[in-house]
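Let me begin by presenting the structure, written as structure tokens, before commenting on it.
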Amino acid sequence: MSNPHRLPNTVLPSRYTLEIWPDLEGSSFEGSVAIEVELTERCSEIVLNALDLTIHSAWVALGGPDENKRIPATATFDPELERVTLSVDQELPAGSATLHVRYTGIYNAQLVGFYKSTFTRTDDDGSTEHTLAVTQFESTHARRCFPCFDEPAFKAVFSITLTVPDDVLAISNSAEVLREDLDGGLARITFADTMVMSTYLVALVIGPLEQTPTRMVAGMNGPIPLRVIYPPGSAHLCEFALEVAEEALKFFEEYYGIAYPGDKIDLVAVPDFAFGAMENLGCITFREVLLLVDPSTATQPELHRVADVINHELAHMWFGDLVTMEWWNGIWLNEAFATFMEVSATDAFRPDWQVWTSFGLARAAAFDTDALQSTRPIEFEVQSPAEAEAMFDILTYQKGASVVRMLEQYLGAEVFRSGITAYLQQHACAVTETADLWDALEAASGEPVRRIMESWIFRGGHPLVTVESTETGLRLRQERFSYQAEPLDTDSSSEVEPWPTPMLISTKTVADGPSTDHRILLEQALEIDLGGPAVEVQANPGGNGFFRVNLTGSLRTALATDPTAASIDFFVLLDDTWAGFLANRVSVEELEDLLRVLCERESDPAVWRRISGVLSGLQRLGGAGRASRNRLLIQELCSQRLAGLEEVMQASQVGSDAMRERSEELRGVLFALLGGVGQDAEVRVSARNLWQLKTIDPSLREAAIEVLAASATVDEHAKLEQAWRESSTPQEELCFLSALIETDNPEQFAYVLELAMTEVRIQNAPFLLRRAISHHDLGDQGWDFVSSHWSELVEKFPSSSLPRMLEGIRSIDDRARAERVAAFIAETKIPAGELVVQQHLERMWVSVEVAERLRS
């Protein structure tokens with residue numbers, strides 16, 4: 001069946017000559033586009049994409065772009081399909097033609113297409129608001145800026161010219177090649193031709209921004225110009241991004257074996273940005289908090305996050321920009337591979353961060369959704385623009401990256417890399433289907449990659465691998481892991497088939513003896529002969545496989561007490577055990593016993609963040625009946641650990657800078673856990689004394705702010721608000737904003753909810769309301785606010801942010817409240833991400849059922 005949202009393939013664009021006249025003070029812009037096309041057959045109509053545009057004139061010139069014969073065209077819009085049809089009164093012959101369109105457009109109000117962003121700067125003369133115009137075209141929003149063939153497959157060269165005020169900065173995908181001064185204080189700026197690329201990668205940024213000096217990065221084909229573009233006043237926050245990007249460009253050129261495909265790199269900080277960042281070729285746009293950072297005041301996770309996002313977007317320059325998916329069903333591979341590469345690049349940049357351990361947190365979140373009946377395959381058929389937008393979720397990014405990592409480890413890193421290079425070289429400047437990558441990896445490895453990977457990407461869910469010790473060795477079997485005991489509601493027989501699961505297993509038959517490694521592809525139940533019973537097994541070493549592990553008998557304890565096991569293995573063990581608890585496979589007593597063992601021996605901050613998440617989850621789910629017991633458990637596990645760490649740090653015995661950095665991060669996690677859900681009175685007093693001290697390490701200060709926020713007095717809450725308004729970095733701004741909503745005072749809480757509608761940037765407000773919905777004590781008030789303001793929220797917020805806002809319902813564990821939420825969503829139209837919202841609902845019911853079980 002044909003897709004009504006896809007354009008005919010009888011008109012193929014090869015080049016756009018685009019000129020735009022933006023009005024930074026008004027609500028609209030003017031544009032002109034000439035599109036060189038090849039008509040593959042005779043026709044009298046040409047169909048393009050266009051939305052929210054007014055076409056003033058259109059014509060077709062036959063032959064090359066210099067032909068003078070104009071054939072007038074009439075434009076007919078189809079808003080539902082987001083198309084315009086250009087009709088002529090004669091039949092056009094097959095061959096070359098150029099489409100010419102003059103039009104006007106309006107700036108979008110929801111941070112997509114061509115939109116306006118504002119920022120305020122204060123000096124001796126007072127506060128001044130500044131405006132810039134910026135684009136966000138992925139997935140299907142270039143059509144809001146110019147008529148175009150707005151599908152990934154229709155790649156073309158773009159020649160872009162902007163006429164702008166002569167005192168602002170204007171940038172696009174390529175380097176500026178011509179600047180002409182015009183009357184009226186205007187300048188006409190022309191940029192170099194781009195490489196062949198898709199429309200969603202076109203970028204324009206115009207406004208009173210500043211730039212760092214150009215840094216020339218040594219590249220395979222010569223120096224690569226690199227800059228950071230930023231709002232005035234942020235120059236001191238750019239150096240870290242430049243450092244990360246320089247190392248990343250070198251890393252990716254070496255990894256891919258292919259030169260950077262553009263002519264420059266601009267990293268652009270945008271004050272209002274709906275997503276995290278966008279991989280526009282040569283003009284990468286970011287939220288400020290994910291680009292501009294002060295290493296002296298930022299926590300290690302904040303620096304890590306900035307590095308990850310920069311590396312993610314730069315990875316796309318090859319995997320996504322140079323080689324592009326043919327249609328949106330393949331977007332998962334773009335994003336999954338870039339996520340995999342971001343971690344690889346950050347690991348090379350700062351090995352001491354142990355980023356693959358930290359990636360376990362993201363992998364855990366993907367597991368959490370994939371254990372639901374409402375999960376989806378990583379790749380699925382995409383029809384409409386709304387369905388394309390829905391692809392940008394945790395299953396695309398985190399599950400997809402985890403599956404790619406699993407394959408890389410199974411094939412071997414060098415074999416995998418050789419297959420990636422062959423794929424990119426073969427398909428450079430072209431479009432592909434997912435199977436093209438599997439075929440390249442299969443050719444490089446000799447393994448049945450297509451069969452393995454298609455089983456993983458075209459099915460939702462993941463396996464639970466049960467590991468049992470036998471008299472002669474080990475027995476492995478798999479089943480689908482789910483939070484629900486009942487079978488999936490599906491007619492597909494493939495749901496009961498096993499996954500071909502790549503596994504690298506380490507076993508011991510003697511506790512203190514050597515380990516033996518096994519490389520297997522688990523499909524059916526399997527026995528491994530070890531010559532005796534297994535006493536210890538690492539069934540998923542390094543957490544590289546996307547499957548849960550159930551270690552039976554004494555195997556769980558043996559791994560938890562193994563002095564040679566890595567932190568990531570303890571992370572995986574705890575995460576699998578927590579999932580087993582939620583699925584009613586593991587008792588709360590078994591979970592608590594494991595926590596005691598791990599807390600005594602483990603010091604990795606990422607593992608402790610997972611411990612903190614588990615302890616916080618037990619506190620929430622246990623309710624008032626278990627609150628005192630849970631607080632005592634937290635104090636038992638954390639108090640001595642924090643005191644001992646403080647003693648060591650004060651004696652300056654932590655060793656290297658990297659070790660001190662990790663010790664500071666661990667102290668922050670322990671401090672926040674004890675003072676937050678642990679409600680430790682001494683820690684809360686310390687927080688009140690520490691939170692305003694900028695001389696202490698950033699992790700401890702952030703923890704102090706978090707602890708203070710939950711019990712802040714009216715005066716303290718006002719000081720937190722003032723600190724939010726006067727924040728000196730984007731990270732500090734978000735930290736204080738998040739703190740404001742954590743208050744336990746209903747009046748202060750209501751005040752912050754109103755701020756979300758009036759003063760908080762619309763890129764941040766949905767996430768603030770998500771925290772409000774999930775608030776432990778005032779979540780009812782948060783939900784009532786969201787439900788009563790729903791129409792305003794839909795009008796105000798980007799549609800893609802609404803499912804993210806509703807993620808807060810996942811933590812609801814009261815049945816009556818859950819029923820109210822479910823009833824509201826059942827009768828309310830969700831403009832985007834319907835499946836994601838259904839996943840939130842199902843996960844909410846899991847919370848309700850676990851809470852009822854734990855409280856009974």
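Residue names in the structure tokens use chain letters A, B, ... in the order shown, residue numbers from 1 in each chain, and ligand numbers from 1 in the order shown.
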
*Who sits within 12 Å of Gln722 (chain A), only C-alpha atoms, same chain under 6 positions skipped, as a ChimeraX atom specification*: /A:692,715-716,728,732-733,736-737,739-740

*Pro208 (chain A): which residues within 10 Å, counting only C-alpha atoms, same-chain residues fewer than 5 positions away excluded, as number ranges by chain?*
A: 130-133, 165, 167-170, 230-232

Can you write out as JSON lines which residues of region 98-166 of chain A fall within 10 Å of region 786-797 of chain A, alongside each residue's closest atom pair and its distance in Å to one decimal, counting only C-alpha atoms and ordering rows by chain and ascending residue number?
```
{"residue": "A:Ala109", "atom": "CA", "partner": "A:Lys796", "partner_atom": "CA", "distance": 7.8}
{"residue": "A:Gln110", "atom": "CA", "partner": "A:Phe797", "partner_atom": "CA", "distance": 6.1}
{"residue": "A:Leu111", "atom": "CA", "partner": "A:Phe797", "partner_atom": "CA", "distance": 8.6}
```

*Using only C-alpha atoms: which of A:Asp814, A:Glu379, A:Glu19, A:Glu246 has the shortest distance to Ile265 (chain A)*: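 With only C-alpha atoms as the atom set, the closest residue is A:Glu246.
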
*Using only C-alpha atoms, which of A:Pro502, A:Pro541, A:Pro261, A:Pro72 sits nearest Glu408 (chain A)?*
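Closest residue, counting only C-alpha atoms: A:Pro502.
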
*Counting only C-alpha atoms, the residue of A:Arg620, A:Asn329, A:Thr297, A:Glu254 that sits nearest Glu381 (chain A)*: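 Residue with the minimum atom-to-atom distance to Glu381 (chain A): A:Asn329.
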
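Taking only C-alpha atoms into account, Gly833 (chain A) lies nearest to A:Ala390 out of the set A:Leu621, A:Ile634, A:Ala390, A:Leu395.
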
*asked:* From a backbone DSSP assignment, name each residue in region 392-453 of chain A labelled alpha helix (DSSP H), as a PyMOL selection string.
replied: chain A and resi 394+400-411+413-427+434-445+449-453
